[in-house]
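Have a look at my_file_21.pdb; it's PDB, C-alpha atoms, pLDDT in the B column:
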```pdb
ATOM      1  CA  MET K   1      45.724  21.520  36.019  1.00 50.00           C
ATOM      2  CA  PHE K   2      44.340  17.975  35.624  1.00 45.00           C
ATOM      3  CA  PHE K   3      41.104  19.015  37.336  1.00 48.00           C
ATOM      4  CA  LYS K   4      40.479  21.863  34.817  1.00 56.00           C
ATOM      5  CA  THR K   5      41.123  19.538  31.836  1.00 62.00           C
ATOM      6  CA  ALA K   6      38.824  16.835  33.192  1.00 55.00           C
ATOM      7  CA  LYS K   7      36.131  19.419  33.887  1.00 58.00           C
ATOM      8  CA  THR K   8      36.413  20.851  30.349  1.00 57.00           C
ATOM      9  CA  THR K   9      36.395  17.371  28.798  1.00 51.00           C
ATOM     10  CA  PHE K  10      33.325  16.409  30.818  1.00 51.00           C
ATOM     11  CA  ALA K  11      31.512  19.612  29.781  1.00 50.00           C
ATOM     12  CA  LEU K  12      32.331  19.048  26.100  1.00 47.00           C
ATOM     13  CA  PHE K  13      31.262  15.404  26.349  1.00 50.00           C
ATOM     14  CA  THR K  14      27.960  16.422  27.955  1.00 48.00           C
ATOM     15  CA  VAL K  15      27.207  19.026  25.262  1.00 47.00           C
ATOM     16  CA  LEU K  16      28.130  16.560  22.506  1.00 45.00           C
ATOM     17  CA  SER K  17      25.924  13.828  24.030  1.00 51.00           C
ATOM     18  CA  MET K  18      22.946  16.156  24.291  1.00 49.00           C
ATOM     19  CA  THR K  19      23.401  17.308  20.685  1.00 46.00           C
ATOM     20  CA  VAL K  20      23.501  13.731  19.412  1.00 46.00           C
ATOM     21  CA  ALA K  21      20.414  12.847  21.481  1.00 49.00           C
ATOM     22  CA  LEU K  22      18.451  15.819  20.114  1.00 45.00           C
ATOM     23  CA  LEU K  23      19.421  15.117  16.507  1.00 46.00           C
ATOM     24  CA  GLY K  24      18.625  11.434  16.888  1.00 49.00           C
ATOM     25  CA  THR K  25      15.080  12.065  18.098  1.00 47.00           C
ATOM     26  CA  SER K  26      14.268  14.702  15.481  1.00 46.00           C
ATOM     27  CA  CYS K  27      14.908  12.458  12.459  1.00 49.00           C
ATOM     28  CA  LYS K  28      12.023  10.633  10.785  1.00 49.00           C
ATOM     29  CA  LYS K  29      12.162   6.908  11.417  1.00 53.00           C
ATOM     30  CA  ASP K  30      12.287   4.544   8.431  1.00 54.00           C
ATOM     31  CA  ASP K  31       9.253   2.623   9.661  1.00 65.00           C
ATOM     32  CA  GLU K  32       6.984   5.675   9.403  1.00 90.00           C
ATOM     33  CA  LYS K  33       5.981   4.922   5.816  1.00 95.00           C
ATOM     34  CA  THR K  34       2.653   6.080   4.491  1.00 96.00           C
ATOM     35  CA  THR K  35       0.184   3.854   2.676  1.00 97.00           C
ATOM     36  CA  LYS K  36       1.251   5.554  -0.546  1.00 97.00           C
ATOM     37  CA  ASP K  37       4.899   4.662   0.149  1.00 98.00           C
ATOM     38  CA  TYR K  38       3.971   0.991   0.475  1.00 98.00           C
ATOM     39  CA  LEU K  39       1.825   0.940  -2.682  1.00 98.00           C
ATOM     40  CA  ILE K  40       4.378   2.588  -4.977  1.00 98.00           C
ATOM     41  CA  ALA K  41       7.321   0.559  -3.618  1.00 98.00           C
ATOM     42  CA  HIS K  42       6.834  -2.288  -6.131  1.00 97.00           C
ATOM     43  CA  ASP K  43       4.306  -4.114  -8.296  1.00 98.00           C
ATOM     44  CA  TRP K  44       1.469  -6.150  -6.774  1.00 98.00           C
ATOM     45  CA  LYS K  45      -0.723  -9.109  -7.679  1.00 98.00           C
ATOM     46  CA  VAL K  46      -4.088 -10.150  -6.265  1.00 97.00           C
ATOM     47  CA  THR K  47      -3.679 -13.549  -4.635  1.00 97.00           C
ATOM     48  CA  GLU K  48      -7.204 -13.774  -3.234  1.00 98.00           C
ATOM     49  CA  HIS K  49     -10.561 -12.178  -3.986  1.00 98.00           C
ATOM     50  CA  GLU K  50     -13.435 -13.186  -1.716  1.00 98.00           C
ATOM     51  CA  GLN K  51     -17.096 -12.281  -1.630  1.00 97.00           C
ATOM     52  CA  ALA K  52     -19.098 -13.392   1.415  1.00 96.00           C
ATOM     53  CA  ASN K  53     -16.090 -15.522   2.492  1.00 96.00           C
ATOM     54  CA  VAL K  54     -16.107 -17.447  -0.811  1.00 97.00           C
ATOM     55  CA  SER K  55     -13.123 -17.288  -3.163  1.00 98.00           C
ATOM     56  CA  VAL K  56     -14.109 -15.803  -6.523  1.00 98.00           C
ATOM     57  CA  ILE K  57     -10.646 -15.349  -8.024  1.00 98.00           C
ATOM     58  CA  ALA K  58     -10.107 -17.101 -11.356  1.00 97.00           C
ATOM     59  CA  ASP K  59      -6.773 -18.772 -12.130  1.00 96.00           C
ATOM     60  CA  CYS K  60      -6.281 -16.353 -15.029  1.00 96.00           C
ATOM     61  CA  GLU K  61      -6.371 -13.409 -12.567  1.00 96.00           C
ATOM     62  CA  LYS K  62      -3.625 -14.693 -10.288  1.00 95.00           C
ATOM     63  CA  ASP K  63      -0.794 -13.421 -12.517  1.00 96.00           C
ATOM     64  CA  ASP K  64      -2.285  -9.961 -13.145  1.00 97.00           C
ATOM     65  CA  ILE K  65       0.099  -7.137 -12.234  1.00 98.00           C
ATOM     66  CA  TYR K  66      -0.965  -3.889 -10.538  1.00 98.00           C
ATOM     67  CA  THR K  67       1.449  -0.938 -10.642  1.00 98.00           C
ATOM     68  CA  PHE K  68       0.783   2.185  -8.572  1.00 98.00           C
ATOM     69  CA  SER K  69       2.710   5.309  -9.595  1.00 98.00           C
ATOM     70  CA  LYS K  70       3.537   8.260  -7.404  1.00 98.00           C
ATOM     71  CA  ASP K  71       1.519  10.645  -9.619  1.00 98.00           C
ATOM     72  CA  GLY K  72      -1.742   8.722  -9.079  1.00 98.00           C
ATOM     73  CA  SER K  73      -1.651   6.808 -12.346  1.00 98.00           C
ATOM     74  CA  HIS K  74      -2.173   3.079 -12.320  1.00 96.00           C
ATOM     75  CA  ALA K  75      -1.242   0.338 -14.776  1.00 97.00           C
ATOM     76  CA  PHE K  76      -2.919  -3.040 -14.917  1.00 96.00           C
ATOM     77  CA  ASP K  77      -1.304  -5.877 -16.871  1.00 97.00           C
ATOM     78  CA  GLN K  78      -3.057  -9.194 -17.583  1.00 95.00           C
ATOM     79  CA  GLY K  79       0.157 -11.180 -17.030  1.00 96.00           C
ATOM     80  CA  ASN K  80       0.893 -14.333 -19.034  1.00 95.00           C
ATOM     81  CA  THR K  81      -2.628 -15.772 -18.763  1.00 95.00           C
ATOM     82  CA  LYS K  82      -5.549 -13.698 -19.997  1.00 95.00           C
ATOM     83  CA  CYS K  83      -9.066 -14.710 -19.046  1.00 93.00           C
ATOM     84  CA  PHE K  84     -10.224 -13.945 -22.612  1.00 93.00           C
ATOM     85  CA  GLN K  85      -7.818 -13.758 -25.551  1.00 93.00           C
ATOM     86  CA  THR K  86      -9.603 -10.654 -26.847  1.00 92.00           C
ATOM     87  CA  ASP K  87      -8.885  -8.728 -23.600  1.00 90.00           C
ATOM     88  CA  LEU K  88      -6.369  -5.925 -23.785  1.00 93.00           C
ATOM     89  CA  GLN K  89      -3.006  -6.866 -22.275  1.00 96.00           C
ATOM     90  CA  GLN K  90      -2.723  -3.583 -20.385  1.00 96.00           C
ATOM     91  CA  LEU K  91      -5.247  -1.120 -19.030  1.00 95.00           C
ATOM     92  CA  PRO K  92      -4.288   2.340 -17.789  1.00 96.00           C
ATOM     93  CA  GLY K  93      -6.105   3.912 -14.915  1.00 96.00           C
ATOM     94  CA  THR K  94      -5.819   5.971 -11.764  1.00 97.00           C
ATOM     95  CA  TRP K  95      -5.691   5.319  -8.055  1.00 98.00           C
ATOM     96  CA  ALA K  96      -6.341   7.474  -5.019  1.00 98.00           C
ATOM     97  CA  LEU K  97      -6.352   7.231  -1.245  1.00 98.00           C
ATOM     98  CA  SER K  98      -8.938   8.933   0.901  1.00 96.00           C
ATOM     99  CA  SER K  99      -7.811   9.643   4.430  1.00 88.00           C
ATOM    100  CA  SER K 100     -11.296  10.816   5.416  1.00 91.00           C
ATOM    101  CA  THR K 101     -11.971   7.242   6.544  1.00 88.00           C
ATOM    102  CA  ASP K 102     -10.067   5.223   9.096  1.00 92.00           C
ATOM    103  CA  PRO K 103      -8.645   3.011   7.744  1.00 95.00           C
ATOM    104  CA  GLU K 104      -7.935   4.818   4.473  1.00 97.00           C
ATOM    105  CA  THR K 105     -10.008   4.041   1.388  1.00 97.00           C
ATOM    106  CA  LEU K 106      -8.242   2.970  -1.812  1.00 98.00           C
ATOM    107  CA  THR K 107      -9.966   3.529  -5.160  1.00 97.00           C
ATOM    108  CA  ILE K 108      -8.617   2.028  -8.390  1.00 97.00           C
ATOM    109  CA  THR K 109     -10.366   3.004 -11.626  1.00 96.00           C
ATOM    110  CA  TYR K 110      -9.701   2.092 -15.252  1.00 94.00           C
ATOM    111  CA  GLU K 111      -9.879   4.548 -18.142  1.00 88.00           C
ATOM    112  CA  SER K 112     -11.413   2.137 -20.605  1.00 79.00           C
ATOM    113  CA  GLY K 113     -14.301   1.041 -18.400  1.00 79.00           C
ATOM    114  CA  LEU K 114     -13.505  -2.523 -19.501  1.00 80.00           C
ATOM    115  CA  ARG K 115     -12.674  -3.566 -15.949  1.00 89.00           C
ATOM    116  CA  ASN K 116     -14.565  -2.957 -12.720  1.00 91.00           C
ATOM    117  CA  ALA K 117     -13.126  -0.445 -10.299  1.00 94.00           C
ATOM    118  CA  ILE K 118     -11.791  -1.638  -6.965  1.00 95.00           C
ATOM    119  CA  GLU K 119     -12.723   0.403  -3.915  1.00 96.00           C
ATOM    120  CA  GLY K 120     -12.458  -0.349  -0.241  1.00 97.00           C
ATOM    121  CA  GLN K 121     -10.680   0.309   2.996  1.00 98.00           C
ATOM    122  CA  VAL K 122      -7.053  -0.725   3.406  1.00 98.00           C
ATOM    123  CA  THR K 123      -7.571  -3.044   6.373  1.00 98.00           C
ATOM    124  CA  GLU K 124      -4.108  -4.614   6.360  1.00 98.00           C
ATOM    125  CA  LEU K 125      -0.811  -3.106   5.211  1.00 98.00           C
ATOM    126  CA  ALA K 126       2.724  -4.482   5.220  1.00 97.00           C
ATOM    127  CA  GLU K 127       5.848  -4.358   3.067  1.00 97.00           C
ATOM    128  CA  ASP K 128       4.792  -7.436   1.075  1.00 98.00           C
ATOM    129  CA  ARG K 129       0.989  -7.574   1.465  1.00 98.00           C
ATOM    130  CA  PHE K 130      -2.098  -5.408   1.774  1.00 98.00           C
ATOM    131  CA  VAL K 131      -5.829  -6.090   1.970  1.00 98.00           C
ATOM    132  CA  VAL K 132      -8.692  -3.981   0.640  1.00 98.00           C
ATOM    133  CA  THR K 133     -12.122  -4.637   2.185  1.00 98.00           C
ATOM    134  CA  ARG K 134     -15.539  -3.232   1.396  1.00 97.00           C
ATOM    135  CA  GLU K 135     -19.093  -4.033   2.376  1.00 96.00           C
ATOM    136  CA  TYR K 136     -22.097  -3.518   0.158  1.00 95.00           C
ATOM    137  CA  THR K 137     -25.766  -4.435   0.240  1.00 96.00           C
ATOM    138  CA  ALA K 138     -27.432  -6.512  -2.481  1.00 94.00           C
ATOM    139  CA  GLY K 139     -31.011  -7.663  -2.169  1.00 95.00           C
ATOM    140  CA  GLY K 140     -31.121  -6.582   1.467  1.00 96.00           C
ATOM    141  CA  ILE K 141     -28.056  -8.686   2.338  1.00 95.00           C
ATOM    142  CA  THR K 142     -24.763  -7.117   3.423  1.00 97.00           C
ATOM    143  CA  ILE K 143     -21.842  -8.708   1.596  1.00 97.00           C
ATOM    144  CA  LYS K 144     -18.178  -8.381   2.521  1.00 98.00           C
ATOM    145  CA  GLU K 145     -15.725  -8.290  -0.395  1.00 98.00           C
ATOM    146  CA  GLU K 146     -11.989  -8.562   0.132  1.00 98.00           C
ATOM    147  CA  TYR K 147      -8.958  -8.312  -2.168  1.00 98.00           C
ATOM    148  CA  THR K 148      -5.586  -9.576  -0.939  1.00 98.00           C
ATOM    149  CA  PHE K 149      -2.602  -8.069  -2.770  1.00 98.00           C
ATOM    150  CA  GLU K 150       0.906  -9.479  -2.430  1.00 98.00           C
ATOM    151  CA  LYS K 151       4.257  -8.213  -3.619  1.00 98.00           C
ATOM    152  CA  PHE K 152       4.977  -9.312  -7.199  1.00 95.00           C
TER     153      PHE K 152
END
```
Please go through the file and, once you have read it, give me the structure as structure tokens.
Amino acid sequence: MFFKTAKTTFALFTVLSMTVALLGTSCKKDDEKTTKDYLIAHDWKVTEHEQANVSVIADCEKDDIYTFSKDGSHAFDQGNTKCFQTDLQQLPGTWALSSSTDPETLTITYESGLRNAIEGQVTELAEDRFVVTREYTAGGITIKEEYTFEKF
């Protein structure tokens, strides 16, 4: 009698273990976030803007807030310190990711045309920081431009 009970218990334990193993491997892991997931998770600020390895960020830009919404809309806020008092406090715009490049290309545009668009490849991506890099040619010279965004 003991042998039949042990055999049944072992069989049930085996089936239960296999079921748990199959369910555990079929679930999406939390660390499989997309670039979009990272961008919409919270607000961002640009902490560095370089052109040809030279910092070109003004102090008045360091408190600017970038908000990416799930629907592709984008809000830009000048923060407490505007570069020019006549600047609008907030500028609406849009953002998009292109997966046709590797790494993905991020494009941020503004409806008013009062601010230059940002476009480049997302070359670094983490929970609290991402970097957008682009290269362009001016006067026959290739220039690397880089924006470093950090969690606000």
One decimal, in Å: what's the spacing between atom CA of Thr47 of chain K and atom CA of Gly79 of chain K?
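It comes out at 13.2 Å.
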Distance query Gly93 of chain K at most 7 Å, all atoms listed in the file, self and fewer than 3 positions along chain excluded, as a count of residues only
6
Expected selection from the PyMOL selection byres ((chain K and resi 122) around 9), given as a PyMOL selection string:
chain K and resi 35+102-106+120-121+123-125+130-133
Write out as a PyMOL selection string each polymer residue whose atoms come within 12 Å of Thr137 of chain K, counting only C-alpha atoms; drop sequence neighbours fewer than 5 positions from it.
chain K and resi 51-52+142-145
Report, in Å to a single decimal, how far apart atom CA of Phe84 of chain K and atom CA of Ile57 of chain K are.
14.7 Å
Report, in Å to a single decimal, how far apart atom CA of Val46 of chain K and atom CA of Glu119 of chain K are.
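Atom-to-atom, atom CA of Glu119 of chain K and atom CA of Val46 of chain K are spaced 13.8 Å apart.
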Pick out the residues sitting within 12 Å of Leu88 of chain K, and hand them over as a VMD selection string; count all atoms listed in the file, and ignore anything fewer than 3 positions along from it in its own chain.
chain K and resid 76 to 79 81 to 85 91 to 92 112 to 115
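The smallest atom-to-atom distance between Thr34 of chain K and any of K:Gln89, K:Ser99, K:Thr94, K:Asn116, using all atoms listed in the file, is found for K:Ser99.
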Closest of K:Ile108, K:Ala138, K:Ala41, K:Ile65 to Gln90 of chain K - atom-to-atom distances counting only C-alpha atoms:
K:Ile65
Just give me the residues with any atom within 8 Å of (-8.7, -14.5, -3.4), file coordinates, counting all atoms listed in the file, written as a list in words.
Val46, Thr47, Glu48, His49, Glu50, Ser55, Val56, Ile57, Glu146, Tyr147 and Thr148 of chain K
Residues from the last selection, C-alpha atoms, saved as an mmCIF file, in the frame of the given file:
```cif
data_model
loop_
_atom_site.group_PDB
_atom_site.id
_atom_site.type_symbol
_atom_site.label_atom_id
_atom_site.label_comp_id
_atom_site.auth_asym_id
_atom_site.auth_seq_id
_atom_site.Cartn_x
_atom_site.Cartn_y
_atom_site.Cartn_z
ATOM 1 C CA VAL K 46 -4.088 -10.150 -6.265
ATOM 2 C CA THR K 47 -3.679 -13.549 -4.635
ATOM 3 C CA GLU K 48 -7.204 -13.774 -3.234
ATOM 4 C CA HIS K 49 -10.561 -12.178 -3.986
ATOM 5 C CA GLU K 50 -13.435 -13.186 -1.716
ATOM 6 C CA SER K 55 -13.123 -17.288 -3.163
ATOM 7 C CA VAL K 56 -14.109 -15.803 -6.523
ATOM 8 C CA ILE K 57 -10.646 -15.349 -8.024
ATOM 9 C CA GLU K 146 -11.989 -8.562 0.132
ATOM 10 C CA TYR K 147 -8.958 -8.312 -2.168
ATOM 11 C CA THR K 148 -5.586 -9.576 -0.939
#
```
Residue contacts of Lys45 of chain K (9 Å, only C-alpha atoms) excluding same-chain residues fewer than 2 positions away, as a PyMOL selection string:
chain K and resi 43+47+61-67+148-152
Coordinates of box centre and edge lengths for segment 48-61 of chain K, 3 Å on every side, axis-aligned, as lines of an AutoDock Vina configuration file:
```
center_x = -12.7
center_y = -15.5
center_z = -6.3
size_x = 18.8
size_y = 12.6
size_z = 23.5
```
Can you list what the PyMOL selection byres ((chain K and resi 71) around 10) grabs from this structure, as a PyMOL selection string?
chain K and resi 40+68-70+72-74+94-96
Is there a way to complete segment 120-143 of chain K with N, CA and C atoms and then write that out as a compact mmCIF listing (two decimals), in the coordinates of the input?
```txt
# COMPACT_ATOMS: atom_id res chain seq x y z
N GLY K 120 -12.25 0.17 -1.58
CA GLY K 120 -12.46 -0.35 -0.24
C GLY K 120 -11.42 0.19 0.72
N GLN K 121 -11.60 -0.15 1.97
CA GLN K 121 -10.68 0.31 3.00
C GLN K 121 -9.45 -0.60 3.06
N VAL K 122 -8.30 0.03 3.26
CA VAL K 122 -7.05 -0.72 3.41
C VAL K 122 -7.02 -1.23 4.85
N THR K 123 -7.42 -2.48 5.02
CA THR K 123 -7.57 -3.04 6.37
C THR K 123 -6.32 -3.77 6.86
N GLU K 124 -5.38 -4.00 5.97
CA GLU K 124 -4.11 -4.61 6.36
C GLU K 124 -3.04 -4.04 5.45
N LEU K 125 -1.87 -3.73 6.00
CA LEU K 125 -0.81 -3.11 5.21
C LEU K 125 0.54 -3.52 5.75
N ALA K 126 1.36 -4.08 4.87
CA ALA K 126 2.72 -4.48 5.22
C ALA K 126 3.60 -4.31 3.98
N GLU K 127 4.88 -4.50 4.16
CA GLU K 127 5.85 -4.36 3.07
C GLU K 127 5.52 -5.26 1.88
N ASP K 128 5.01 -6.46 2.14
CA ASP K 128 4.79 -7.44 1.08
C ASP K 128 3.33 -7.86 0.89
N ARG K 129 2.40 -7.16 1.55
CA ARG K 129 0.99 -7.57 1.46
C ARG K 129 0.08 -6.44 1.93
N PHE K 130 -1.06 -6.29 1.25
CA PHE K 130 -2.10 -5.41 1.77
C PHE K 130 -3.47 -5.96 1.38
N VAL K 131 -4.48 -5.59 2.16
CA VAL K 131 -5.83 -6.09 1.97
C VAL K 131 -6.78 -4.91 1.85
N VAL K 132 -7.66 -4.99 0.85
CA VAL K 132 -8.69 -3.98 0.64
C VAL K 132 -10.05 -4.64 0.89
N THR K 133 -10.84 -4.06 1.78
CA THR K 133 -12.12 -4.64 2.18
C THR K 133 -13.24 -3.62 1.99
N ARG K 134 -14.36 -4.10 1.49
CA ARG K 134 -15.54 -3.23 1.40
C ARG K 134 -16.78 -4.06 1.70
N GLU K 135 -17.80 -3.39 2.15
CA GLU K 135 -19.09 -4.03 2.38
C GLU K 135 -20.13 -3.31 1.54
N TYR K 136 -21.01 -4.09 0.94
CA TYR K 136 -22.10 -3.52 0.16
C TYR K 136 -23.36 -4.35 0.38
N THR K 137 -24.49 -3.75 0.05
CA THR K 137 -25.77 -4.43 0.24
C THR K 137 -26.36 -4.79 -1.12
N ALA K 138 -26.78 -6.04 -1.26
CA ALA K 138 -27.43 -6.51 -2.48
C ALA K 138 -28.65 -7.34 -2.06
N GLY K 139 -29.80 -6.94 -2.51
CA GLY K 139 -31.01 -7.66 -2.17
C GLY K 139 -31.28 -7.71 -0.68
N GLY K 140 -30.89 -6.64 0.03
CA GLY K 140 -31.12 -6.58 1.47
C GLY K 140 -30.10 -7.34 2.29
N ILE K 141 -29.10 -7.92 1.63
CA ILE K 141 -28.06 -8.69 2.34
C ILE K 141 -26.74 -7.92 2.26
N THR K 142 -26.06 -7.76 3.39
CA THR K 142 -24.76 -7.12 3.42
C THR K 142 -23.69 -8.15 3.08
N ILE K 143 -22.89 -7.81 2.08
CA ILE K 143 -21.84 -8.71 1.60
C ILE K 143 -20.48 -8.06 1.80
```
